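Containing mmCIF, C-alpha atoms and all ligand atoms: upload_9.cif.
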data_final
loop_
_atom_site.label_atom_id
_atom_site.label_comp_id
_atom_site.auth_asym_id
_atom_site.auth_seq_id
_atom_site.Cartn_x
_atom_site.Cartn_y
_atom_site.Cartn_z
CA MET A 1 0.00 0.00 0.00
CA GLN A 2 1.09 3.52 -0.74
CA ILE A 3 0.55 6.68 1.23
CA ARG A 4 0.80 10.09 -0.36
CA ILE A 5 1.16 13.13 1.88
CA LYS A 6 -0.02 15.97 -0.29
CA GLY A 7 -0.24 19.72 -0.22
CA ALA A 8 2.23 20.35 2.60
CA HIS A 9 5.44 22.29 2.87
CA LEU A 10 8.41 19.96 3.37
CA LEU A 11 11.11 21.24 5.67
CA ASP A 12 14.26 19.26 6.34
CA PRO A 13 16.96 21.84 7.12
CA GLY A 14 19.96 21.60 4.82
CA ASN A 15 18.13 19.15 2.59
CA ILE A 16 14.70 20.31 1.43
CA ASP A 17 12.51 23.39 1.86
CA ALA A 18 9.71 23.29 -0.72
CA LYS A 19 6.10 22.45 -1.48
CA LYS A 20 6.31 18.79 -2.41
CA ASP A 21 4.34 15.59 -1.97
CA ILE A 22 5.87 12.52 -0.36
CA ILE A 23 5.12 8.99 -1.44
CA ILE A 24 5.54 6.33 1.22
CA LYS A 25 5.67 2.62 0.46
CA ASP A 26 6.65 -0.40 2.54
CA HIS A 27 7.79 1.67 5.56
CA LEU A 28 10.08 3.80 3.40
CA ILE A 29 10.05 7.19 1.77
CA GLU A 30 9.75 6.12 -1.84
CA ALA A 31 9.76 9.46 -3.62
CA ILE A 32 9.49 13.22 -3.18
CA VAL A 33 7.50 14.63 -6.09
CA ASP A 34 5.85 17.80 -7.33
CA PRO A 35 2.35 18.31 -5.97
CA ILE A 36 -0.58 16.96 -7.99
CA PRO A 37 -3.75 19.02 -8.45
CA ASP A 38 -6.38 18.97 -5.71
CA LEU A 39 -8.06 15.62 -5.30
CA SER A 40 -11.07 15.14 -3.12
CA PHE A 41 -11.09 11.35 -3.44
CA ASN A 42 -8.62 8.60 -4.25
CA PRO A 43 -8.42 8.77 -8.04
CA ILE A 44 -8.10 5.92 -10.48
CA SER A 45 -6.88 8.13 -13.29
CA ASP A 46 -6.24 11.78 -13.98
CA ARG A 47 -7.92 13.80 -16.73
CA ALA A 48 -5.36 12.71 -19.29
CA GLY A 49 -6.28 9.13 -18.55
CA ASN A 50 -3.00 8.22 -16.86
CA GLU A 51 -3.78 5.59 -14.27
CA PHE A 52 -2.87 6.06 -10.63
CA GLU A 53 -2.25 3.16 -8.36
CA THR A 54 -5.64 2.48 -6.75
CA ASP A 55 -4.37 1.24 -3.41
CA ILE A 56 -3.25 4.63 -2.23
CA THR A 57 -4.11 6.57 0.87
CA ILE A 58 -4.00 10.33 0.55
CA ILE A 59 -3.16 12.44 3.58
CA ASP A 60 -4.23 15.99 2.92
CA ALA A 61 -1.72 18.21 4.68
CA LYS A 62 -2.50 21.55 3.07
CA GLY A 63 -1.27 24.46 5.17
CA MET A 64 0.91 22.18 7.24
CA ILE A 65 4.62 21.51 7.54
CA VAL A 66 6.11 18.05 7.13
CA VAL A 67 9.39 17.66 9.01
CA PRO A 68 11.74 14.80 9.88
CA GLY A 69 10.30 12.97 12.89
CA LEU A 70 10.78 14.91 16.12
CA ILE A 71 13.03 13.26 18.70
CA ASP A 72 12.82 13.90 22.44
CA ILE A 73 16.13 12.85 23.96
CA HIS A 74 15.08 13.26 27.60
CA VAL A 75 12.08 11.16 28.62
CA HIS A 76 11.33 9.23 31.80
CA LEU A 77 9.15 6.33 30.62
CA ARG A 78 9.22 4.86 34.17
CA GLU A 79 8.96 1.25 33.05
CA PRO A 80 10.29 -1.12 34.36
CA GLY A 81 9.23 -0.72 37.96
CA GLN A 82 7.21 2.48 38.22
CA GLU A 83 4.19 1.59 36.13
CA HIS A 84 1.85 3.59 38.36
CA LYS A 85 3.45 6.72 36.87
CA GLU A 86 3.80 5.66 33.22
CA THR A 87 4.16 2.55 31.07
CA PHE A 88 5.71 2.01 27.67
CA ALA A 89 2.18 1.92 26.24
CA THR A 90 1.03 5.20 27.78
CA GLY A 91 4.36 7.01 27.49
CA LEU A 92 4.82 6.11 23.83
CA ALA A 93 1.22 6.98 23.00
CA ALA A 94 1.95 10.37 24.60
CA ALA A 95 5.13 10.64 22.52
CA ALA A 96 3.21 9.89 19.33
CA LYS A 97 0.55 12.45 20.23
CA GLY A 98 3.29 14.96 20.98
CA GLY A 99 4.69 14.55 17.47
CA PHE A 100 7.73 12.52 18.51
CA THR A 101 8.68 9.59 16.31
CA ALA A 102 11.39 8.63 18.79
CA VAL A 103 12.41 9.24 22.38
CA CYS A 104 15.43 8.47 24.54
CA SER A 105 14.38 6.76 27.75
CA MET A 106 16.21 7.71 30.93
CA PRO A 107 17.78 4.85 32.90
CA ASN A 108 16.56 5.73 36.42
CA THR A 109 13.91 3.01 36.42
CA THR A 110 13.51 0.16 38.93
CA PRO A 111 15.83 -1.60 38.35
CA VAL A 112 18.16 1.01 36.88
CA ASN A 113 19.14 0.38 33.25
CA ASP A 114 22.77 -0.36 34.07
CA ASN A 115 23.09 -3.71 32.28
CA SER A 116 22.21 -5.24 28.93
CA GLN A 117 19.29 -7.31 30.29
CA VAL A 118 17.34 -4.20 31.19
CA THR A 119 18.34 -2.54 27.91
CA LYS A 120 17.03 -5.53 25.91
CA PHE A 121 13.82 -5.59 27.95
CA ILE A 122 13.16 -1.91 27.14
CA ILE A 123 13.85 -2.34 23.44
CA ASN A 124 11.71 -5.48 23.15
CA CYS A 125 8.73 -3.99 24.98
CA ALA A 126 8.85 -0.79 22.96
CA ASP A 127 9.25 -2.59 19.62
CA LYS A 128 6.17 -4.72 20.25
CA LEU A 129 3.98 -1.65 20.67
CA GLY A 130 4.72 -0.25 17.22
CA LEU A 131 4.32 3.34 18.43
CA SER A 132 7.14 5.87 18.72
CA LYS A 133 10.63 4.36 18.79
CA VAL A 134 12.69 4.13 21.94
CA TYR A 135 16.43 4.65 21.99
CA PRO A 136 17.41 3.81 25.56
CA THR A 137 20.13 5.52 27.54
CA GLY A 138 22.04 3.50 30.12
CA ALA A 139 23.45 4.48 33.48
CA ILE A 140 27.03 5.76 33.75
CA THR A 141 27.56 4.01 37.08
CA GLN A 142 26.06 0.86 38.58
CA GLY A 143 22.71 1.73 40.11
CA SER A 144 23.55 5.36 39.25
CA LEU A 145 25.29 5.34 42.62
CA GLY A 146 28.45 7.01 41.34
CA ILE A 147 30.82 4.33 42.65
CA THR A 148 31.56 1.79 39.89
CA LEU A 149 31.14 2.13 36.13
CA ALA A 150 28.08 0.36 34.74
CA GLU A 151 28.32 -2.31 32.00
CA ILE A 152 28.47 0.37 29.33
CA TYR A 153 30.05 -1.78 26.60
CA ASP A 154 27.44 -4.54 26.98
CA MET A 155 24.62 -2.00 27.02
CA LYS A 156 25.99 -0.40 23.88
CA GLN A 157 25.99 -3.79 22.18
CA ALA A 158 22.36 -4.17 23.31
CA GLY A 159 21.33 -0.80 21.87
CA ILE A 160 21.84 2.15 24.21
CA VAL A 161 22.65 5.42 22.45
CA ALA A 162 24.06 7.41 25.39
CA VAL A 163 24.84 7.12 29.08
CA THR A 164 23.62 9.27 31.95
CA ASP A 165 23.02 9.05 35.68
CA ASP A 166 20.17 11.53 35.14
CA GLY A 167 18.27 12.38 38.27
CA LYS A 168 21.64 12.60 39.95
CA PRO A 169 25.08 14.00 39.17
CA VAL A 170 28.24 11.90 39.12
CA GLU A 171 29.61 13.65 42.19
CA ASN A 172 33.12 12.23 42.13
CA SER A 173 35.20 14.09 39.54
CA ASP A 174 37.68 11.24 39.13
CA MET A 175 34.81 8.83 38.39
CA MET A 176 33.42 11.29 35.84
CA GLN A 177 36.82 11.57 34.17
CA GLN A 178 37.04 7.77 33.94
CA ALA A 179 33.53 7.61 32.47
CA LEU A 180 34.33 10.26 29.87
CA GLU A 181 37.55 8.53 28.81
CA TYR A 182 35.84 5.16 28.55
CA CYS A 183 32.84 6.52 26.63
CA LYS A 184 35.10 8.45 24.28
CA GLY A 185 36.70 5.15 23.30
CA LEU A 186 33.28 3.58 22.80
CA LYS A 187 32.04 6.63 20.88
CA ILE A 188 29.01 6.98 23.08
CA PRO A 189 27.83 10.39 24.33
CA VAL A 190 27.57 11.23 28.02
CA PHE A 191 24.48 13.18 29.12
CA VAL A 192 25.19 15.20 32.24
CA HIS A 193 22.71 16.02 35.00
CA ALA A 194 24.61 19.02 36.36
CA GLU A 195 23.84 19.49 40.04
CA ASP A 196 26.00 20.09 43.09
CA LEU A 197 24.03 18.14 45.69
CA SER A 198 25.75 19.81 48.63
CA MET A 199 24.24 23.12 47.47
CA ALA A 200 20.89 21.85 46.18
CA ASP A 201 20.11 19.42 48.97
CA GLY A 202 16.77 20.06 50.66
CA GLY A 203 15.81 22.82 48.21
CA SER A 204 12.54 22.73 46.30
CA MET A 205 12.49 25.87 44.16
CA ASN A 206 14.78 28.56 42.82
CA GLU A 207 16.69 30.48 45.50
CA GLY A 208 15.46 34.06 45.47
CA PRO A 209 12.72 36.41 46.71
CA PHE A 210 9.86 34.11 45.73
CA ALA A 211 11.24 31.07 47.58
CA LYS A 212 11.76 33.37 50.55
CA SER A 213 8.21 34.71 50.48
CA TRP A 214 6.79 31.18 50.25
CA GLY A 215 9.10 29.96 53.01
CA ILE A 216 10.55 27.28 50.73
CA LYS A 217 14.23 26.33 50.78
CA GLY A 218 15.91 27.54 47.60
CA ILE A 219 18.32 25.97 45.11
CA PRO A 220 20.93 28.49 43.88
CA ASN A 221 21.91 28.86 40.21
CA ALA A 222 25.46 27.92 41.18
CA ALA A 223 24.29 24.40 42.12
CA GLU A 224 23.92 23.86 38.38
CA SER A 225 26.67 26.03 36.90
CA ILE A 226 29.44 24.73 39.19
CA MET A 227 28.94 21.26 37.76
CA VAL A 228 28.61 22.60 34.22
CA LEU A 229 31.97 24.31 34.67
CA ARG A 230 33.51 21.14 36.14
CA ASP A 231 32.36 18.99 33.24
CA ILE A 232 33.49 21.55 30.67
CA ALA A 233 36.91 21.26 32.33
CA LEU A 234 36.72 17.45 32.18
CA SER A 235 35.68 17.54 28.53
CA GLU A 236 38.69 19.74 27.81
CA LEU A 237 40.96 17.42 29.77
CA THR A 238 39.78 14.22 28.12
CA GLY A 239 38.66 15.48 24.71
CA ALA A 240 35.43 13.55 25.27
CA PRO A 241 32.10 15.03 24.18
CA VAL A 242 29.73 16.13 26.95
CA HIS A 243 26.03 16.88 26.57
CA PHE A 244 24.39 18.91 29.33
CA CYS A 245 20.78 18.08 30.16
CA HIS A 246 18.07 20.60 31.08
CA ILE A 247 20.09 23.82 31.26
CA SER A 248 18.22 26.44 33.28
CA THR A 249 20.55 29.23 34.39
CA ARG A 250 22.21 32.22 32.74
CA GLU A 251 25.58 31.22 34.20
CA SER A 252 25.37 27.78 32.57
CA VAL A 253 24.40 29.27 29.21
CA LYS A 254 27.33 31.69 29.41
CA ALA A 255 29.80 28.95 30.39
CA ILE A 256 28.69 26.69 27.54
CA ARG A 257 28.77 29.56 25.06
CA GLN A 258 32.36 30.36 26.04
CA ALA A 259 33.39 26.70 25.99
CA LYS A 260 32.00 26.25 22.48
CA LYS A 261 33.92 29.33 21.37
CA ARG A 262 37.12 27.71 22.65
CA GLY A 263 36.28 24.62 20.64
CA VAL A 264 35.35 22.36 23.56
CA ASN A 265 33.19 19.42 22.47
CA VAL A 266 30.04 20.30 24.42
CA THR A 267 26.35 20.42 23.54
CA CYS A 268 23.31 21.12 25.64
CA GLU A 269 19.55 21.03 25.89
CA THR A 270 16.88 22.98 27.69
CA ALA A 271 13.24 22.16 28.36
CA PRO A 272 10.19 24.23 27.36
CA HIS A 273 9.36 25.15 30.97
CA TYR A 274 12.67 26.99 31.32
CA PHE A 275 11.88 29.37 28.47
CA THR A 276 8.17 29.64 29.32
CA LEU A 277 7.89 30.03 33.11
CA THR A 278 9.82 31.56 36.02
CA ASP A 279 9.83 31.14 39.80
CA GLU A 280 7.32 33.98 39.92
CA ASN A 281 4.78 31.60 38.36
CA VAL A 282 4.97 29.18 41.31
CA LYS A 283 1.60 29.73 42.96
CA ASP A 284 -0.27 28.32 45.92
CA TYR A 285 2.38 25.70 46.65
CA ASP A 286 1.24 23.93 43.47
CA THR A 287 3.62 20.98 43.15
CA ASN A 288 3.08 20.90 39.38
CA PHE A 289 5.56 23.79 39.37
CA LYS A 290 8.21 21.73 41.11
CA MET A 291 10.93 20.28 38.94
CA ASN A 292 14.70 19.85 39.01
CA PRO A 293 16.38 22.11 38.09
CA PRO A 294 13.72 24.53 39.35
CA LEU A 295 12.00 27.33 37.40
CA ARG A 296 14.47 30.20 37.55
CA SER A 297 14.28 33.99 37.42
CA GLU A 298 13.16 36.13 34.47
CA LYS A 299 16.84 36.94 33.77
CA ASP A 300 17.58 33.24 33.45
CA ARG A 301 14.55 32.65 31.24
CA GLN A 302 15.75 35.42 28.92
CA ALA A 303 19.27 33.95 28.88
CA VAL A 304 17.89 30.53 27.94
CA ILE A 305 15.97 32.09 25.05
CA GLN A 306 19.12 33.96 23.98
CA GLY A 307 21.05 30.67 24.15
CA LEU A 308 18.50 29.06 21.87
CA VAL A 309 18.63 32.00 19.47
CA ASP A 310 22.43 32.16 19.16
CA GLY A 311 22.87 28.39 18.95
CA THR A 312 24.48 27.86 22.35
CA ILE A 313 21.54 25.58 23.21
CA ASP A 314 21.40 22.83 20.60
CA VAL A 315 18.37 20.84 21.64
CA ILE A 316 14.91 21.23 23.13
CA ALA A 317 13.94 18.16 25.18
CA SER A 318 10.94 17.81 27.44
CA ASP A 319 12.41 16.06 30.54
CA HIS A 320 9.02 14.30 30.63
CA ALA A 321 8.80 13.19 34.27
CA PRO A 322 5.41 11.68 35.10
CA HIS A 323 4.29 11.29 38.73
CA SER A 324 0.93 10.07 40.01
CA GLN A 325 -1.54 12.47 41.56
CA ASN A 326 -1.07 10.87 45.00
CA GLU A 327 2.64 11.46 44.86
CA LYS A 328 2.27 15.10 43.85
CA GLU A 329 -0.57 15.90 46.28
CA VAL A 330 1.68 16.39 49.28
CA GLU A 331 3.34 19.46 50.72
CA PHE A 332 5.67 21.28 48.32
CA GLY A 333 8.90 20.33 50.07
CA ARG A 334 8.05 16.63 50.06
CA ALA A 335 6.67 16.32 46.51
CA PRO A 336 8.80 14.61 43.86
CA PHE A 337 10.48 16.77 41.21
CA GLY A 338 9.22 16.72 37.63
CA ILE A 339 6.44 17.44 35.18
CA VAL A 340 5.08 15.70 32.09
CA GLY A 341 6.13 17.29 28.83
CA LEU A 342 5.71 15.06 25.78
CA GLU A 343 2.29 16.42 24.86
CA THR A 344 3.04 20.10 25.40
CA SER A 345 6.65 20.40 24.21
CA LEU A 346 5.99 21.22 20.55
CA SER A 347 3.21 23.73 21.24
CA LEU A 348 5.29 25.57 23.85
CA SER A 349 8.33 25.58 21.57
CA LEU A 350 6.27 26.88 18.64
CA LYS A 351 5.72 30.03 20.70
CA LEU A 352 9.40 30.85 20.10
CA PHE A 353 8.65 30.63 16.38
CA HIS A 354 5.45 32.68 16.54
CA ASP A 355 7.20 35.30 18.71
CA GLY A 356 9.99 35.59 16.16
CA PHE A 357 12.83 34.20 18.28
CA LEU A 358 13.40 31.08 16.19
CA THR A 359 12.77 30.25 12.57
CA MET A 360 10.91 27.05 11.76
CA GLU A 361 14.23 25.72 10.55
CA ASP A 362 15.83 26.45 13.95
CA LEU A 363 12.97 24.69 15.66
CA VAL A 364 13.25 21.59 13.48
CA ASN A 365 16.99 21.54 14.10
CA LYS A 366 16.53 21.70 17.87
CA MET A 367 13.71 19.16 18.06
CA SER A 368 14.74 16.73 15.32
CA LYS A 369 18.03 17.13 13.48
CA HIS A 370 20.37 17.95 16.37
CA PRO A 371 18.90 15.22 18.61
CA ALA A 372 19.28 12.74 15.72
CA LYS A 373 22.91 13.73 15.21
CA LEU A 374 23.65 13.49 18.93
CA ILE A 375 22.41 9.89 19.17
CA GLY A 376 23.82 8.92 15.78
CA ILE A 377 20.75 8.35 13.64
CA ASN A 378 19.87 9.62 10.18
CA ASN A 379 16.30 10.86 9.91
CA ASP A 380 16.65 12.90 6.70
CA ILE A 381 13.61 13.09 4.45
CA ARG A 382 15.16 11.22 1.51
CA PRO A 383 14.00 8.39 -0.72
CA GLY A 384 15.12 5.09 0.77
CA ASN A 385 15.03 6.33 4.39
CA MET A 386 12.50 5.10 6.94
CA ALA A 387 9.32 7.16 6.81
CA ASP A 388 9.57 8.71 10.28
CA LEU A 389 7.75 12.00 9.84
CA THR A 390 5.91 14.63 11.84
CA ILE A 391 3.25 16.85 10.31
CA ILE A 392 2.91 20.13 12.19
CA ASP A 393 -0.19 22.29 12.10
CA PRO A 394 1.52 25.57 13.06
CA ASP A 395 -1.51 27.79 13.47
CA ASP A 396 -4.02 25.63 15.33
CA VAL A 397 -4.97 27.48 18.55
CA TYR A 398 -6.16 25.38 21.51
CA LYS A 399 -6.11 25.15 25.30
CA ILE A 400 -3.92 22.58 27.02
CA ASP A 401 -6.17 20.05 28.76
CA PRO A 402 -4.37 17.42 30.85
CA GLU A 403 -7.50 15.24 30.82
CA LYS A 404 -6.83 14.67 27.13
CA PHE A 405 -3.24 13.53 27.72
CA LYS A 406 -2.36 9.99 26.67
CA SER A 407 0.23 10.00 29.43
CA LYS A 408 -0.80 8.15 32.58
CA SER A 409 0.16 11.20 34.62
CA LYS A 410 -1.23 14.71 34.40
CA ASN A 411 1.35 16.68 36.37
CA THR A 412 1.69 19.80 34.25
CA PRO A 413 1.85 23.49 35.15
CA PHE A 414 0.36 24.36 31.74
CA ALA A 415 -3.25 23.25 32.28
CA GLY A 416 -5.69 25.69 30.71
CA ILE A 417 -3.15 27.86 28.92
CA LYS A 418 -3.79 28.79 25.32
CA VAL A 419 -1.15 27.80 22.76
CA LYS A 420 -0.78 28.00 19.00
CA GLY A 421 0.29 25.05 16.87
CA ARG A 422 0.49 21.34 17.47
CA PRO A 423 1.18 18.02 15.79
CA PHE A 424 -1.34 16.93 13.18
CA LEU A 425 0.10 13.54 12.39
CA THR A 426 2.99 11.33 13.49
CA MET A 427 4.31 8.56 11.25
CA VAL A 428 6.76 5.89 12.38
CA ASN A 429 8.18 3.37 9.90
CA GLY A 430 5.56 4.45 7.37
CA LYS A 431 2.69 3.80 9.78
CA VAL A 432 0.44 6.52 11.18
CA VAL A 433 0.80 6.27 14.98
CA TYR A 434 -1.12 9.44 15.73
CA GLN A 435 -3.50 11.63 13.79
CA ARG A 436 -5.54 14.44 15.27
CA TYR A 437 -9.20 14.06 14.54
CA GLU A 438 -10.53 15.92 17.57
CA ILE A 439 -11.25 19.62 17.12
ZN ZN B 1 18.02 15.44 35.20
#
What does the file become when written as structure tokens?
Ligand SMILES: [Zn+2]
Amino acid sequence: MQIRIKGAHLLDPGNIDAKKDIIIKDHLIEAIVDPIPDLSFNPISDRAGNEFETDITIIDAKGMIVVPGLIDIHVHLREPGQEHKETFATGLAAAAKGGFTAVCSMPNTTPVNDNSQVTKFIINCADKLGLSKVYPTGAITQGSLGITLAEIYDMKQAGIVAVTDDGKPVENSDMMQQALEYCKGLKIPVFVHAEDLSMADGGSMNEGPFAKSWGIKGIPNAAESIMVLRDIALSELTGAPVHFCHISTRESVKAIRQAKKRGVNVTCETAPHYFTLTDENVKDYDTNFKMNPPLRSEKDRQAVIQGLVDGTIDVIASDHAPHSQNEKEVEFGRAPFGIVGLETSLSLSLKLFHDGFLTMEDLVNKMSKHPAKLIGINNDIRPGNMADLTIIDPDDVYKIDPEKFKSKSKNTPFAGIKVKGRPFLTMVNGKVVYQRYEI
């Protein structure tokens, strides 16, 4: 069977930027062709009598943008072990609805993904679902305890695309140096959760006047930037690439900008909440505003946007961190860190496009091309490549409603806010895994 996506604008930065139709056959992109005239039904022949293949599904994507499948490199799928928060089935349905053809799962599950058995389990479970793809990350250290290196080589053989102790930093600098040297040899990227626990410990929101007025213990910017600076130094020392997760402070952005200028092999990501909200938005001890790193000041938010604009920040990732309602409905200081993000990430990021900060090309780079490059996959829109595509409806205005989330958890600070633009269709291996029918 063939699928023809017609009437859309194709945008694959550096490759294609034109009004074209795409023909998909047997999971692959078969051809990119000039648009045919409007068709309101599946035709058997055109006016000249030339026969079309009859077994063809037309996807009308007029007014929309077809881009290489979006990839979210920072997702907590929670399975195995924390299925009350999320499962592969619910998390990957949320990914598909969010426009993501692939996600990187974080290893802080129960048990931790620190060996090839767990890696294989994740890949098998995800494959069976036939939704968005999962590229697992493995732990840097056994149990993410920071003491002994995990079985990184075995996990790589089993299919991990990066290592991280996300949720925690690797506190010991010597251990981090060893990890970087080892991973450099294996050609596997290290994703860094930059946090100085001695400074952050016990804190629940950004240190500053708002934390003070709420009587909540603060987490200073330096808790993040100290570790960013350390790992820039370790990257320089070892020559190993370092990718910084969820950058939230102006000091971190500045340090990474300067490091890149010096030619240090560093990349970084931020999450939509860091360029959308600040600590001033934390209201009524609502634990849906509690995440790690915390929402920072307006100055930091502006610096994050500037970092995205000037290319210091390479990637937008959601840090999708589902928690059940019971877990979040406790006092602010005791609530777990994290918010869901898969189903709001694209809409919130599109605001940067609508506000003129990023071009659509920038956005596709940060949500698709750069993530793909970082984890070593080729998702170009080219004949012969897998048909992993996202169709974006850039102008559709709607209100975020957590009750409509496919995710098992609803912990979002964005409930009820109006946004513009969202995914229209997500295609993985030539199969439609999400299409928006609801108005
Ligand atoms: Zn983290």
Exercise. Name the residues, by chain letter and number, that sit within 10 Å of ligand ZN 1 (chain B) using only C-alpha atoms and all ligand atoms, and give them as a ChimeraX atom specification.
Key: /A:74-76,106,108,164-169,191-195,244-247,291-293,319,321,337-338
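Excluding Glu151 in chain A itself and same-chain residues fewer than 6 positions from it, the residues having an atom within 8 Å of it are Asp114, Asn115, Ser116 and Gln142 of chain A, counting all atoms listed in the file.
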What would the file look like if the residues just selected were written as an mmCIF file, in the frame of the given file with C-alpha atoms?
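Saved result, part.cif, follows:
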data_model
loop_
_atom_site.group_PDB
_atom_site.id
_atom_site.type_symbol
_atom_site.label_atom_id
_atom_site.label_comp_id
_atom_site.auth_asym_id
_atom_site.auth_seq_id
_atom_site.Cartn_x
_atom_site.Cartn_y
_atom_site.Cartn_z
ATOM 1 C CA ASP A 114 22.770 -0.360 34.070
ATOM 2 C CA ASN A 115 23.090 -3.710 32.280
ATOM 3 C CA SER A 116 22.210 -5.240 28.930
ATOM 4 C CA GLN A 142 26.060 0.860 38.580
#
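Counting from CA of Pro13 in chain A, the distance to CA of Gly91 in chain A is 28.2 Å.
Interatomic distance, CA of Ile316 in chain A to CA of Asp17 in chain A: 21.5 Å.
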Quiz item: Which of these, A:Ala162, A:Ala89, A:Val433, A:Leu77, has the shortest distance to Leu129 in chain A once you count all atoms listed in the file?
Solution: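 Smallest distance to Leu129 in chain A is found for A:Ala89.
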Quiz prompt | Distance query range 352-364 of chain A at most 7 Å, only C-alpha atoms, self and fewer than 4 positions along chain excluded, as number ranges by chain | solution = A: 13, 309, 368-369
Coordinates of box centre and edge lengths for range 84-98 of chain A, 5 Å on every side, axis-aligned, as AutoDock Vina command-line options:
--center_x 3.1 --center_y 8.4 --center_z 28.8 --size_x 15.2 --size_y 23.0 --size_z 29.0
Exercise. Counting only C-alpha atoms, figure out which residue out of A:Glu86, A:Arg230, A:Arg4, A:Lys366 gets nearest to Asn411 in chain A.
Key: A:Glu86
Quiz item: So which one's closest to Ser235 in chain A, A:Met205, A:Ala223, A:Ala93, A:Ala179? Using only C-alpha atoms, please.
Solution: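 Distance minimum relative to Ser235 in chain A lands on A:Ala179.
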Quiz item: Using all atoms listed in the file, which residues sit within 10 Å of Asp196 in chain A once same-chain residues fewer than 6 positions away are excluded, as a ChimeraX atom specification?
Solution: /A:168-171,219-220,222-228
Gln325 in chain A surroundings by all atoms listed in the file, 9 Å radius, close-in-sequence under 5 positions cut, as a CSV table (one decimal) with C-alpha atoms, in the coordinates of the input:
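Final output, out18.csv:
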chain,number,residue,atom,x,y,z
A,85,LYS,CA,3.4,6.7,36.9
A,409,SER,CA,0.2,11.2,34.6
A,410,LYS,CA,-1.2,14.7,34.4
A,411,ASN,CA,1.4,16.7,36.4
Quiz item: Just how far from CA of Asp284 in chain A is CA of Gly215 in chain A, in Å to one decimal?
Solution: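 These two atoms are separated by 11.9 Å.
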Quiz item: For Gly130 in chain A, which residue out of A:Val432, A:Leu186, A:Ile160, A:Ile65 is the nearest one, using all atoms listed in the file?
Solution: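 Closest to Gly130 in chain A, using all atoms listed in the file: A:Val432.
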Could you build a table of the residues in range 351-423 of chain A lying no more than 10 Å from range 268-282 of chain A, giving for each the nearest pair of atoms and their separation in Å rounded to one decimal place, using all atoms listed in the file, ordered by chain and ascending residue number, as CSV?
residue,atom,partner,partner_atom,distance
A:Lys351,CA,A:Thr276,CA,9.0
A:Leu352,CA,A:Phe275,CA,8.9
A:Lys366,CA,A:Glu269,CA,8.6
A:Met367,CA,A:Glu269,CA,9.9
A:Pro371,CA,A:Glu269,CA,9.3
A:Thr412,CA,A:His273,CA,9.9
A:Pro413,CA,A:His273,CA,8.8
A:Phe414,CA,A:His273,CA,9.1
